[in-house]
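Participant: Quick one, target.txt (compact mmCIF, C-alpha atoms):
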# COMPACT_ATOMS: atom_id res chain seq x y z
CA MET H 12 -13.61 -115.62 -61.52
CA PRO H 13 -10.14 -114.04 -61.43
CA HIS H 14 -8.65 -113.18 -58.08
CA TYR H 15 -6.23 -110.57 -56.87
CA PRO H 16 -2.73 -111.30 -55.58
CA LEU H 17 -2.70 -110.67 -51.84
CA LYS H 18 0.19 -110.03 -49.52
CA LYS H 19 0.37 -111.04 -45.90
CA ARG H 20 0.53 -108.26 -43.37
CA HIS H 21 2.92 -108.37 -40.44
CA LEU H 22 0.86 -107.59 -37.34
CA PRO H 23 1.63 -108.06 -33.64
CA VAL H 24 1.13 -111.61 -32.44
CA ASN H 25 -1.44 -110.50 -29.85
CA THR H 26 -3.68 -108.88 -32.47
CA PRO H 27 -7.19 -110.40 -32.30
CA LEU H 28 -8.05 -112.71 -35.17
CA VAL H 29 -10.85 -110.46 -36.39
CA ASP H 30 -8.42 -107.56 -36.84
CA ARG H 31 -5.68 -109.75 -38.29
CA LEU H 32 -7.65 -111.08 -41.25
CA PRO H 33 -9.48 -108.59 -43.49
CA PRO H 34 -11.92 -109.99 -46.07
CA GLU H 35 -9.28 -109.80 -48.81
CA LEU H 36 -7.09 -112.29 -46.95
CA ARG H 37 -9.91 -114.71 -46.22
CA VAL H 38 -11.29 -115.23 -49.73
CA GLN H 39 -9.28 -115.76 -52.91
CA ARG H 40 -11.93 -114.39 -55.26
CA ARG H 41 -13.47 -111.17 -56.41
CA ARG H 42 -16.02 -109.56 -54.13
CA LEU H 43 -18.74 -107.73 -56.06
CA ARG H 44 -20.73 -104.65 -55.06
CA ALA H 45 -23.72 -102.93 -56.67
CA CYS H 46 -23.51 -99.20 -55.90
CA HIS H 47 -26.35 -97.89 -53.72
CA GLU H 48 -26.46 -94.61 -55.63
CA CYS H 49 -26.11 -95.60 -59.30
CA ASP H 50 -26.54 -99.43 -59.31
CA TRP H 51 -23.22 -100.02 -61.09
CA VAL H 52 -21.74 -103.47 -60.42
CA SER H 53 -18.01 -103.47 -59.76
CA ALA H 54 -15.39 -105.63 -58.06
CA LEU H 55 -13.75 -104.52 -54.83
CA PRO H 56 -9.96 -104.22 -55.03
CA PRO H 57 -7.80 -105.40 -52.12
CA LEU H 58 -7.55 -102.54 -49.65
CA LYS H 59 -4.94 -101.53 -47.13
CA SER H 60 -5.60 -99.59 -43.95
CA GLY H 61 -6.54 -95.99 -44.71
CA GLU H 62 -7.79 -96.75 -48.23
CA LYS H 63 -11.30 -96.68 -49.66
CA ALA H 64 -12.93 -98.14 -52.74
CA SER H 65 -15.23 -95.86 -54.74
CA CYS H 66 -17.73 -96.62 -57.47
CA PRO H 67 -16.11 -95.98 -60.88
CA ARG H 68 -19.37 -94.54 -62.21
CA CYS H 69 -20.60 -92.07 -59.54
CA SER H 70 -17.66 -91.99 -57.05
CA HIS H 71 -19.83 -93.17 -54.14
CA VAL H 72 -17.66 -94.74 -51.41
CA LEU H 73 -18.36 -98.48 -51.38
CA VAL H 74 -15.90 -99.58 -48.70
CA LYS H 75 -13.61 -97.67 -46.35
CA ARG H 76 -10.90 -99.68 -44.62
CA ASN H 77 -9.54 -98.82 -41.15
CA ARG H 78 -6.61 -100.27 -39.26
CA PHE H 79 -7.69 -102.59 -36.41
CA PRO H 80 -11.39 -101.82 -37.02
CA ALA H 81 -12.82 -103.91 -34.18
CA GLN H 82 -10.39 -102.64 -31.55
CA ARG H 83 -10.69 -99.05 -32.76
CA SER H 84 -14.49 -99.03 -32.76
CA MET H 85 -14.64 -100.79 -29.38
CA ALA H 86 -12.27 -98.29 -27.74
CA LEU H 87 -13.99 -95.23 -29.21
CA ALA H 88 -17.46 -96.51 -28.33
CA LEU H 89 -16.43 -97.20 -24.72
CA ALA H 90 -14.86 -93.74 -24.42
CA SER H 91 -17.95 -92.14 -25.95
CA LEU H 92 -20.28 -93.95 -23.57
CA ILE H 93 -18.21 -92.91 -20.55
CA ALA H 94 -18.28 -89.28 -21.73
CA LEU H 95 -22.06 -89.48 -22.16
CA LEU H 96 -22.53 -90.92 -18.66
CA ILE H 97 -20.52 -88.03 -17.22
CA ALA H 98 -22.51 -85.55 -19.30
CA VAL H 99 -25.86 -86.74 -17.91
CA SER H 100 -24.59 -86.96 -14.31
CA PHE H 101 -23.30 -83.44 -13.68
CA PRO H 102 -24.57 -79.86 -14.14
CA PHE H 103 -24.65 -78.70 -17.74
CA ILE H 104 -24.99 -74.89 -17.65
CA SER H 105 -25.90 -72.35 -14.98
CA PHE H 106 -26.75 -68.65 -15.18
CA ASN H 107 -27.18 -65.80 -12.71
CA VAL H 108 -28.81 -62.41 -13.20
CA GLY H 109 -29.63 -59.91 -10.46
CA GLY H 110 -29.00 -62.48 -7.75
CA VAL H 111 -31.46 -64.91 -9.34
CA GLY H 112 -30.13 -67.94 -11.16
CA ASN H 113 -30.73 -71.44 -12.37
CA ARG H 114 -28.68 -74.54 -13.04
CA ILE H 115 -29.71 -77.31 -15.39
CA GLU H 116 -28.61 -80.81 -16.26
CA LEU H 117 -28.44 -82.11 -19.81
CA SER H 118 -31.66 -84.09 -19.58
CA GLN H 119 -33.60 -81.00 -18.48
CA THR H 120 -33.23 -79.50 -21.95
CA ALA H 121 -35.86 -82.05 -22.96
CA THR H 122 -37.91 -82.64 -19.81
CA THR H 123 -38.62 -78.92 -19.26
CA LEU H 124 -40.39 -78.77 -22.61
CA ILE H 125 -43.01 -81.22 -21.33
CA ALA H 126 -44.10 -78.69 -18.72
CA PHE H 127 -44.78 -76.24 -21.56
CA HIS H 128 -46.96 -78.76 -23.43
CA GLN H 129 -44.29 -79.63 -26.03
CA PRO H 130 -43.94 -83.40 -25.49
CA ILE H 131 -43.18 -84.19 -29.15
CA VAL H 132 -40.32 -81.68 -29.26
CA ALA H 133 -39.07 -82.99 -25.90
CA ILE H 134 -39.03 -86.57 -27.21
CA ALA H 135 -37.18 -85.47 -30.36
CA VAL H 136 -34.52 -83.69 -28.29
CA ILE H 137 -33.91 -86.50 -25.78
CA MET H 138 -33.88 -89.16 -28.49
CA THR H 139 -31.42 -87.41 -30.82
CA ILE H 140 -28.89 -86.28 -28.20
CA ILE H 141 -28.97 -89.07 -25.58
CA VAL H 142 -31.12 -92.14 -26.25
CA LEU H 143 -30.25 -93.00 -29.86
CA PRO H 144 -26.52 -92.29 -29.43
CA ALA H 145 -26.48 -94.46 -26.29
CA VAL H 146 -28.28 -97.30 -28.10
CA TYR H 147 -25.84 -96.98 -31.02
CA LEU H 148 -22.79 -97.11 -28.76
CA VAL H 149 -24.07 -100.09 -26.78
CA GLY H 150 -24.75 -101.84 -30.08
CA VAL H 151 -21.21 -101.17 -31.33
CA ILE H 152 -19.69 -102.41 -28.06
CA TRP H 153 -21.89 -105.53 -28.13
CA LEU H 154 -20.87 -106.39 -31.69
CA GLN H 155 -17.16 -105.67 -31.39
CA TYR H 156 -16.87 -107.50 -28.07
CA GLY H 157 -18.27 -110.61 -29.71
CA LEU H 158 -15.93 -110.26 -32.70
CA LEU H 159 -12.86 -109.69 -30.54
CA ARG H 160 -13.54 -112.76 -28.39
CA GLY H 161 -14.23 -114.85 -31.48
CA LYS H 162 -17.79 -115.73 -30.47
CA HIS H 163 -20.74 -113.75 -31.78
CA MET H 164 -23.14 -112.36 -29.21
CA SER H 165 -26.90 -112.90 -29.41
CA PHE H 166 -28.85 -110.73 -31.87
CA SER H 167 -25.61 -109.55 -33.50
CA ARG H 168 -27.07 -109.56 -37.00
CA ASP H 169 -30.14 -107.55 -36.00
CA ILE H 170 -28.05 -105.04 -34.06
CA ALA H 171 -25.57 -104.62 -36.93
CA ARG H 172 -28.44 -104.02 -39.33
CA SER H 173 -29.87 -101.33 -37.03
CA LEU H 174 -26.67 -99.30 -36.74
CA ALA H 175 -26.85 -97.87 -40.26
CA HIS H 176 -30.46 -96.76 -39.69
CA LEU H 177 -29.60 -94.94 -36.45
CA THR H 178 -26.69 -92.87 -37.77
CA PRO H 179 -28.62 -90.00 -39.47
CA TRP H 180 -30.70 -89.37 -36.35
CA MET H 181 -27.84 -88.88 -33.87
CA MET H 182 -27.35 -85.12 -33.48
CA ALA H 183 -24.93 -84.56 -30.62
CA ASP H 184 -22.71 -82.39 -32.83
CA VAL H 185 -25.69 -80.25 -33.90
CA PHE H 186 -26.69 -79.86 -30.23
CA ILE H 187 -23.26 -78.46 -29.39
CA ILE H 188 -23.69 -75.76 -32.04
CA GLY H 189 -27.13 -75.02 -30.59
CA ALA H 190 -25.58 -74.71 -27.12
CA LEU H 191 -22.96 -72.26 -28.36
CA VAL H 192 -25.62 -70.15 -30.09
CA SER H 193 -27.66 -70.14 -26.88
CA LEU H 194 -24.71 -68.97 -24.83
CA ILE H 195 -23.96 -66.13 -27.20
CA LYS H 196 -27.61 -65.03 -27.11
CA ILE H 197 -27.66 -64.62 -23.33
CA ALA H 198 -23.99 -63.83 -22.62
CA GLY H 199 -24.67 -60.09 -22.43
CA MET H 200 -27.71 -60.43 -20.16
CA ALA H 201 -26.51 -62.84 -17.46
CA HIS H 202 -23.47 -64.47 -15.94
CA ILE H 203 -22.96 -67.94 -17.48
CA GLU H 204 -21.03 -70.87 -16.02
CA LEU H 205 -20.29 -74.05 -17.96
CA GLY H 206 -20.44 -77.24 -15.95
CA ILE H 207 -18.50 -80.48 -16.25
CA SER H 208 -21.39 -81.89 -18.26
CA PHE H 209 -20.97 -79.28 -21.00
CA TRP H 210 -17.31 -80.09 -21.64
CA SER H 211 -17.95 -83.81 -21.33
CA PHE H 212 -20.74 -83.58 -23.88
CA CYS H 213 -18.42 -81.74 -26.29
CA ILE H 214 -15.93 -84.59 -25.95
CA PHE H 215 -18.77 -87.08 -26.38
CA ALA H 216 -19.91 -85.43 -29.63
CA VAL H 217 -16.41 -85.70 -31.09
CA LEU H 218 -15.95 -89.30 -29.95
CA LEU H 219 -19.38 -90.29 -31.28
CA LEU H 220 -18.47 -88.89 -34.68
CA LYS H 221 -15.15 -90.75 -34.59
CA THR H 222 -16.92 -93.96 -33.59
CA SER H 223 -19.36 -93.83 -36.51
CA GLN H 224 -16.49 -93.09 -38.91
CA SER H 225 -14.36 -95.93 -37.54
CA LEU H 226 -17.01 -98.59 -38.09
CA ASP H 227 -15.87 -100.73 -41.04
CA ALA H 228 -19.23 -102.20 -42.09
CA ASP H 229 -17.71 -104.37 -44.84
CA TRP H 230 -15.20 -105.99 -42.46
CA MET H 231 -17.80 -106.29 -39.68
CA TRP H 232 -20.40 -108.05 -41.84
CA PHE H 233 -17.78 -110.38 -43.29
CA SER H 234 -16.64 -111.28 -39.78
CA LEU H 235 -20.22 -111.81 -38.59
CA GLU H 236 -21.75 -113.76 -41.46
CA GLY H 237 -19.05 -114.39 -44.06
CA GLU H 238 -19.80 -113.51 -47.67
CA PRO H 239 -21.84 -115.82 -49.90
CA LEU H 240 -20.95 -115.93 -53.58
CA ALA H 241 -22.52 -113.33 -55.83
CA PRO H 242 -25.41 -114.72 -57.95
CA GLU H 243 -24.12 -116.89 -60.76
CA GLY H 244 -23.54 -114.98 -63.98
CA THR H 245 -23.31 -111.53 -62.35
CA LYS H 246 -21.19 -109.27 -64.54
CA THR H 247 -19.25 -106.14 -63.67
CA GLY H 248 -19.29 -103.03 -65.80
CA THR H 249 -23.09 -102.82 -66.03
CA THR H 250 -26.06 -102.11 -63.77
CA GLY H 251 -27.54 -104.55 -61.32
CA ALA H 252 -31.10 -103.92 -62.56
CA SER H 253 -30.20 -105.15 -66.04
CA GLN H 254 -29.10 -108.47 -64.49
CA GLY H 255 -31.91 -108.89 -61.97
CA VAL H 256 -29.61 -108.30 -58.98
CA THR H 257 -29.23 -105.54 -56.42
CA GLY H 258 -26.84 -104.56 -53.67
CA CYS H 259 -28.02 -104.71 -50.07
CA PRO H 260 -28.18 -101.13 -48.69
CA THR H 261 -27.05 -102.37 -45.26
CA CYS H 262 -24.32 -104.99 -45.72
CA GLY H 263 -23.51 -104.46 -49.42
CA LEU H 264 -23.95 -108.07 -50.54
CA VAL H 265 -25.14 -108.55 -54.14
CA ASN H 266 -28.41 -110.54 -54.16
CA ARG H 267 -30.60 -112.04 -56.88
CA LEU H 268 -34.08 -110.48 -56.93
CA SER H 269 -37.05 -112.82 -57.05
CA PRO H 270 -39.88 -111.94 -59.47
CA GLN H 271 -42.38 -112.76 -56.72
CA GLY H 272 -41.13 -109.88 -54.55
CA GLN H 273 -40.64 -109.95 -50.76
CA ASN H 274 -36.88 -110.12 -51.29
CA ARG H 275 -34.49 -110.08 -48.36
CA CYS H 276 -30.71 -110.10 -48.22
CA ILE H 277 -29.43 -113.62 -47.61
CA ARG H 278 -26.73 -112.29 -45.27
CA CYS H 279 -28.38 -109.57 -43.13
CA HIS H 280 -32.08 -110.09 -43.95
CA GLU H 281 -32.60 -106.44 -44.94
CA LYS H 282 -35.50 -105.83 -47.34
CA LEU H 283 -34.36 -105.49 -50.95
CA HIS H 284 -35.87 -103.59 -53.87
CA GLN H 285 -34.62 -103.04 -57.38
CA ARG H 286 -35.77 -99.46 -56.79
CA LEU H 287 -37.44 -98.13 -53.67
CA PRO H 288 -41.19 -98.60 -54.22
CA HIS H 289 -43.09 -95.37 -54.94
CA SER H 290 -39.92 -93.40 -54.26
CA LEU H 291 -40.96 -90.23 -56.09
CA GLN H 292 -44.52 -90.29 -54.75
CA ARG H 293 -43.30 -90.62 -51.15
CA THR H 294 -40.70 -87.90 -51.65
CA TRP H 295 -43.30 -85.53 -53.11
CA ALA H 296 -45.70 -86.23 -50.23
CA LEU H 297 -43.02 -85.53 -47.61
CA LEU H 298 -41.88 -82.38 -49.42
CA PHE H 299 -45.47 -81.15 -49.53
CA ALA H 300 -45.89 -81.81 -45.79
CA ALA H 301 -42.61 -80.03 -45.05
CA THR H 302 -43.68 -77.02 -47.15
CA ILE H 303 -47.00 -76.78 -45.31
CA MET H 304 -45.27 -76.94 -41.91
CA TYR H 305 -42.68 -74.37 -42.96
CA ILE H 306 -45.37 -71.66 -43.08
CA PRO H 307 -46.34 -71.77 -39.36
CA ALA H 308 -42.68 -72.41 -38.50
CA ASN H 309 -41.90 -68.89 -39.76
CA VAL H 310 -45.15 -67.08 -39.05
CA TYR H 311 -45.57 -68.07 -35.38
CA PRO H 312 -43.01 -67.30 -32.65
CA ILE H 313 -40.48 -70.00 -31.96
CA MET H 314 -39.99 -68.68 -28.41
CA THR H 315 -41.23 -65.87 -26.16
CA THR H 316 -38.86 -63.89 -23.94
CA THR H 317 -39.96 -62.18 -20.73
CA SER H 318 -37.60 -59.55 -19.33
CA LEU H 319 -38.56 -57.28 -16.39
CA GLY H 320 -42.20 -58.08 -16.97
CA HIS H 321 -42.09 -57.21 -20.68
CA THR H 322 -42.95 -60.08 -23.04
CA THR H 323 -41.45 -60.27 -26.55
CA PRO H 324 -42.31 -63.05 -29.00
CA SER H 325 -39.54 -63.99 -31.42
CA THR H 326 -39.82 -65.70 -34.81
CA ILE H 327 -36.92 -67.43 -36.56
CA ILE H 328 -36.20 -64.37 -38.71
CA GLY H 329 -36.72 -62.12 -35.69
CA GLY H 330 -34.06 -64.03 -33.82
CA VAL H 331 -31.62 -63.55 -36.70
CA VAL H 332 -32.34 -59.80 -36.73
CA GLN H 333 -31.84 -59.62 -32.97
CA LEU H 334 -28.45 -61.30 -33.25
CA LEU H 335 -27.46 -58.85 -35.97
CA GLN H 336 -28.43 -55.94 -33.72
CA MET H 337 -26.30 -57.43 -30.95
CA GLY H 338 -23.36 -57.51 -33.35
CA SER H 339 -23.19 -61.31 -33.47
CA TRP H 340 -22.83 -61.55 -37.23
CA PRO H 341 -21.26 -65.04 -37.33
CA VAL H 342 -23.97 -66.55 -35.10
CA ALA H 343 -26.71 -64.76 -37.05
CA ALA H 344 -25.24 -66.22 -40.24
CA VAL H 345 -25.23 -69.73 -38.74
CA ILE H 346 -28.88 -69.47 -37.68
CA PHE H 347 -29.95 -67.92 -40.99
CA ILE H 348 -28.20 -70.62 -43.00
CA ALA H 349 -29.37 -73.51 -40.81
CA SER H 350 -32.95 -72.33 -40.28
CA VAL H 351 -33.76 -70.55 -43.55
CA ILE H 352 -31.32 -71.37 -46.34
CA VAL H 353 -30.92 -75.09 -45.60
CA PRO H 354 -34.65 -76.03 -45.29
CA VAL H 355 -35.66 -73.96 -48.33
CA GLY H 356 -32.65 -75.16 -50.33
CA LYS H 357 -33.38 -78.77 -49.47
CA LEU H 358 -37.05 -78.44 -50.46
CA VAL H 359 -36.12 -76.80 -53.77
CA ALA H 360 -33.27 -79.24 -54.52
CA LEU H 361 -35.30 -82.40 -53.88
CA ALA H 362 -38.31 -81.03 -55.77
CA TRP H 363 -36.05 -80.19 -58.73
CA LEU H 364 -34.48 -83.66 -58.68
CA CYS H 365 -37.95 -85.24 -58.72
CA LEU H 366 -39.02 -83.04 -61.64
CA VAL H 367 -35.99 -83.68 -63.84
CA ILE H 368 -35.59 -87.37 -63.02
CA LYS H 369 -37.06 -88.46 -66.38
CA ARG H 370 -34.73 -86.15 -68.28
CA SER H 371 -31.56 -87.40 -66.61
CA ASN H 372 -28.68 -88.83 -68.57
CA GLU H 373 -25.20 -89.87 -67.64
CA LEU H 374 -23.78 -86.49 -68.62
CA ASN H 375 -25.67 -84.67 -65.89
CA ALA H 376 -26.29 -87.56 -63.48
CA GLN H 377 -22.96 -87.03 -61.72
CA SER H 378 -23.75 -83.41 -60.77
CA ARG H 379 -27.31 -84.31 -59.76
CA THR H 380 -26.05 -87.10 -57.54
CA LYS H 381 -23.68 -84.65 -55.84
CA LEU H 382 -26.63 -82.33 -55.23
CA TYR H 383 -28.55 -85.21 -53.66
CA ARG H 384 -25.61 -86.07 -51.38
CA LEU H 385 -25.40 -82.44 -50.28
CA THR H 386 -29.10 -82.25 -49.41
CA GLU H 387 -28.89 -85.52 -47.50
CA PHE H 388 -25.88 -84.29 -45.51
CA ILE H 389 -27.06 -80.81 -44.52
CA GLY H 390 -30.66 -81.61 -43.55
CA ARG H 391 -29.97 -82.52 -39.92
CA TRP H 392 -28.21 -79.22 -39.20
CA SER H 393 -31.51 -77.35 -39.31
CA MET H 394 -32.22 -78.77 -35.84
CA VAL H 395 -29.94 -76.07 -34.39
CA ASP H 396 -32.87 -73.72 -33.78
CA VAL H 397 -34.91 -76.40 -32.01
CA PHE H 398 -31.97 -77.17 -29.71
CA VAL H 399 -31.48 -73.45 -29.00
CA VAL H 400 -35.10 -73.24 -27.84
CA ALA H 401 -34.75 -76.38 -25.70
CA ILE H 402 -31.64 -75.06 -23.93
CA LEU H 403 -32.92 -71.53 -23.34
CA VAL H 404 -36.33 -72.68 -22.10
CA ALA H 405 -34.70 -74.98 -19.53
CA LEU H 406 -32.06 -72.48 -18.45
CA ILE H 407 -33.80 -69.09 -18.36
CA ARG H 408 -36.43 -69.54 -15.66
CA ALA H 409 -36.37 -66.49 -13.38
CA GLY H 410 -40.03 -65.56 -13.46
CA SER H 411 -40.93 -62.01 -14.50
CA LEU H 412 -37.29 -60.97 -14.16
CA MET H 413 -36.23 -63.12 -17.11
CA SER H 414 -37.75 -66.25 -18.61
CA ILE H 415 -38.16 -67.92 -21.99
CA THR H 416 -41.05 -70.14 -23.10
CA PRO H 417 -41.31 -72.19 -26.30
CA GLY H 418 -43.61 -71.05 -29.10
CA PRO H 419 -45.77 -73.09 -31.47
CA ALA H 420 -43.18 -72.68 -34.24
CA ALA H 421 -40.80 -75.04 -32.40
CA LEU H 422 -42.95 -78.07 -33.17
CA ALA H 423 -43.65 -76.93 -36.72
CA PHE H 424 -39.98 -76.32 -37.48
CA GLY H 425 -38.98 -79.65 -35.96
CA ALA H 426 -41.52 -81.31 -38.25
CA VAL H 427 -39.95 -79.54 -41.25
CA VAL H 428 -36.54 -80.96 -40.36
CA VAL H 429 -37.88 -84.50 -39.91
CA PHE H 430 -39.98 -84.41 -43.09
CA THR H 431 -37.08 -83.15 -45.23
CA MET H 432 -34.74 -85.79 -43.79
CA LEU H 433 -37.29 -88.51 -44.54
CA ALA H 434 -37.78 -87.09 -48.04
CA ALA H 435 -34.04 -87.46 -48.72
CA ILE H 436 -34.10 -91.01 -47.34
CA THR H 437 -37.09 -92.08 -49.48
CA PHE H 438 -35.63 -90.56 -52.66
CA ASP H 439 -33.81 -93.29 -54.61
CA PRO H 440 -30.74 -91.74 -56.30
CA ARG H 441 -30.46 -94.75 -58.62
CA LEU H 442 -33.39 -93.30 -60.55
CA ILE H 443 -31.09 -90.48 -61.65
CA TRP H 444 -28.88 -93.01 -63.47
CA ASP H 445 -31.61 -95.16 -65.00
CA ALA H 446 -31.38 -93.45 -68.40
CA PRO H 447 -29.34 -95.40 -71.01
CA PRO H 448 -25.59 -94.90 -70.53
CA THR H 449 -23.80 -92.65 -72.99
CA CYS H 450 -20.23 -93.77 -72.29
CA SER H 451 -18.99 -96.74 -74.30
CA THR H 452 -16.59 -98.20 -71.75
CA ARG H 453 -16.50 -98.59 -68.00
CA ARG H 454 -14.03 -99.96 -65.50
CA GLU H 455 -15.07 -103.21 -63.90
CA THR H 456 -13.25 -102.63 -60.61
CA ALA H 457 -13.97 -99.95 -58.04
CA THR H 458 -11.35 -97.24 -57.85
CA LYS H 459 -9.02 -97.34 -54.88
CA GLU H 460 -7.82 -94.19 -53.14
CA PRO H 461 -6.64 -93.02 -49.72
CA VAL H 462 -9.27 -92.07 -47.17
CA ASP H 463 -9.54 -88.30 -46.66
CA GLY H 464 -8.27 -87.13 -43.31
With the file now loaded, output its structure as structure tokens.
Facilitator:
Amino acid sequence: MPHYPLKKRHLPVNTPLVDRLPPELRVQRRRLRACHECDWVSALPPLKSGEKASCPRCSHVLVKRNRFPAQRSMALALASLIALLIAVSFPFISFNVGGVGNRIELSQTATTLIAFHQPIVAIAVIMTIIVLPAVYLVGVIWLQYGLLRGKHMSFSRDIARSLAHLTPWMMADVFIIGALVSLIKIAGMAHIELGISFWSFCIFAVLLLKTSQSLDADWMWFSLEGEPLAPEGTKTGTTGASQGVTGCPTCGLVNRLSPQGQNRCIRCHEKLHQRLPHSLQRTWALLFAATIMYIPANVYPIMTTTSLGHTTPSTIIGGVVQLLQMGSWPVAAVIFIASVIVPVGKLVALAWLCLVIKRSNELNAQSRTKLYRLTEFIGRWSMVDVFVVAILVALIRAGSLMSITPGPAALAFGAVVVFTMLAAITFDPRLIWDAPPTCSTRRETATKEPVDG
């Protein structure tokens, strides 16, 4: 195989070995990747810090290179974990109305729901805003500490494999939007004070996002397990399925598929499939379940407000109307988009992709893949309404003077969000590209470009 000319980089002498030697400097050969979204096999070009390699066929980002990836991820993960510890240790929000008030901690946004017989919603809230992010950060610190000291820690491979699966379910940033919406809803009815925990959690959400973006999976897996040679005879400029190979969805390594099945990546041990088994059937089933749950999510009240002894149930649409009457047009737009437009749009988009999958060709596959990426990205933001309910139920507890209780729609709407996210995960975008190619030539090497931002 041909190899690329590589130049040595001048780094400080105290730079850890793992950060000093990227994969391009450790192997004098091409490194192949089979795109996760279109199955196109291409060779990775040598990358500098701040550059990314994209698939020449569908523009999916294959590798994104960061400067000092181990040190950067370690520092950001430690800072994120410290911010989270502060956020769960101090008061989050307090309110006062007519001399009656309440003060809550972050964890109470979940635990209070249990008292109202909403344990599933409570578990979803605590897992997505505290537990899963904490597990993710501890995993990052564990891995990078081992890499920086030059000795891998126990269970490093299993932990590294788990990180990619945790990322979609961490919703600290969505929770912050839910908190802001909650504050705007009650700002005119009570005096609100933001505690140290609130500001710390805002910092945590930003740092968590930065941590996930800083993780260079390609560099990390190379440092952990090296990179075995691609299967003999693997060619670039064509699909992996036509050669009996596939790219690992977790570490990216190109593996030969065995006809007997039960394939696993030889580097990270992730399960491998030429195409996700029963992808369309599973997607249809999850879309059907989400559609069924969307009916009670909009028909039943998502929360009930008691003010001066008068009880008012509120549906999702009712809440949007109430915000419009209060003059909060931007917040009403956020709730309407996140709770109505996004779930319906995702259901319609995924159903349409499933219906037209057999009529796809390379001329329209690019636009359909972009639609899939959009639906996969926006799905988690529908949790805003569930977080609004969790915050208001925990905070507004002043008896008949003013209180809020969760409605049955909270569980139904949370199920819609989970089902649509799972539907996007089970949909295999490579099916969009499985029609015979129409273009006569293709580049064999992934395109190299600067990382946005």
Participant: So what do you get for CA of Ala362 in chain H versus CA of His176 in chain H, distance-wise?
Facilitator: 23.8 Å
Participant: Which residues are near Trp210 in chain H? Cut-off 12 Å, only C-alpha atoms, ignore same chain within fewer than 2 positions. Put them as a list in words.
Facilitator: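 The residues that qualify are Ala94, Leu95, Ile97, Ala98, Val99, Phe101, Pro102, Phe103, Ile104, Leu117, Ile187, Ala190, Leu191, Glu204, Leu205, Gly206, Ile207, Ser208, Phe212, Cys213, Ile214, Phe215, Ala216 and Val217 of chain H.
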Participant: Which distance in Å separates CA of Ser91 in chain H and CA of Met182 in chain H, to one decimal?
Facilitator: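 Taking CA of Ser91 in chain H and CA of Met182 in chain H, their separation equals 13.9 Å.
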Participant: Closest to Leu358 in chain H among H:Leu335, H:Val400, H:Met304, H:Ile140, using all atoms listed in the file?
Facilitator: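 The answer is H:Met304, which sits nearest to Leu358 in chain H.
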Participant: Could you make a table, as a Markdown table, of the residues of range 263-377 of chain H that have an atom within 12 Å of an atom of range 40-47 of chain H, each with its nearest atom pair and distance in Å to one decimal, counting only C-alpha atoms, in chain and number order?
Facilitator:
| residue | atom | partner | partner_atom | distance |
| --- | --- | --- | --- | --- |
| H:Gly263 | CA | H:Arg44 | CA | 6.3 |
| H:Leu264 | CA | H:Arg44 | CA | 6.5 |
| H:Val265 | CA | H:Arg44 | CA | 6.0 |
| H:Asn266 | CA | H:Ala45 | CA | 9.3 |
| H:Arg267 | CA | H:Ala45 | CA | 11.4 |
| H:Leu283 | CA | H:His47 | CA | 11.4 |
| H:His284 | CA | H:His47 | CA | 11.1 |
| H:Gln285 | CA | H:His47 | CA | 10.4 |
| H:Arg286 | CA | H:His47 | CA | 10.0 |
| H:Leu287 | CA | H:His47 | CA | 11.1 |
Participant: Any idea what's packed within 12 Å of Ala198 in chain H, counting only C-alpha atoms, ignoring anything in its chain fewer than 3 positions away? Could you give it as a short mmCIF file (atom, residue, chain, number, x, y, z; two decimals) with C-alpha atoms, in the coordinates of the input?
Facilitator:
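Result saved to part_13.cif:
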data_model
loop_
_atom_site.label_atom_id
_atom_site.label_comp_id
_atom_site.auth_asym_id
_atom_site.auth_seq_id
_atom_site.Cartn_x
_atom_site.Cartn_y
_atom_site.Cartn_z
CA SER H 105 -25.90 -72.35 -14.98
CA PHE H 106 -26.75 -68.65 -15.18
CA ASN H 107 -27.18 -65.80 -12.71
CA VAL H 108 -28.81 -62.41 -13.20
CA ALA H 190 -25.58 -74.71 -27.12
CA LEU H 191 -22.96 -72.26 -28.36
CA VAL H 192 -25.62 -70.15 -30.09
CA SER H 193 -27.66 -70.14 -26.88
CA LEU H 194 -24.71 -68.97 -24.83
CA ILE H 195 -23.96 -66.13 -27.20
CA ALA H 201 -26.51 -62.84 -17.46
CA HIS H 202 -23.47 -64.47 -15.94
CA ILE H 203 -22.96 -67.94 -17.48
CA GLU H 204 -21.03 -70.87 -16.02
CA LEU H 205 -20.29 -74.05 -17.96
CA LEU H 334 -28.45 -61.30 -33.25
CA MET H 337 -26.30 -57.43 -30.95
CA SER H 339 -23.19 -61.31 -33.47
CA LEU H 403 -32.92 -71.53 -23.34
CA ILE H 407 -33.80 -69.09 -18.36
#
Participant: Can you pull out every residue within 6 Å of range 219-222 of chain H, counting only C-alpha atoms, but drop anything in the same chain fewer than 6 positions away, and send it as a PyMOL selection string?
Facilitator: chain H and resi 84+87-88+91
Participant: In terms of the shortest atom-to-atom distance over all atoms listed in the file, which of H:Ala54, H:Leu92, H:Ile188, H:Cys49 is closest to Thr458 in chain H?
Facilitator: H:Ala54
Participant: Applying 8 Å and only C-alpha atoms, which residues near Ala308 in chain H remain after dropping the ones on its own chain fewer than 3 positions away? List them as a PyMOL selection string.
Facilitator: chain H and resi 304-305+311-313+327+419-424
Participant: Need to verify the contact set: Ala228 in chain H, 12 Å, all atoms listed in the file, exclusion of same-chain residues closer than 6 positions in sequence. Can you return it as a ChimeraX atom specification?
Facilitator: /H:33-34,73-77,80-81,84,151,154-155,168,171-175,234-236,260-264,279
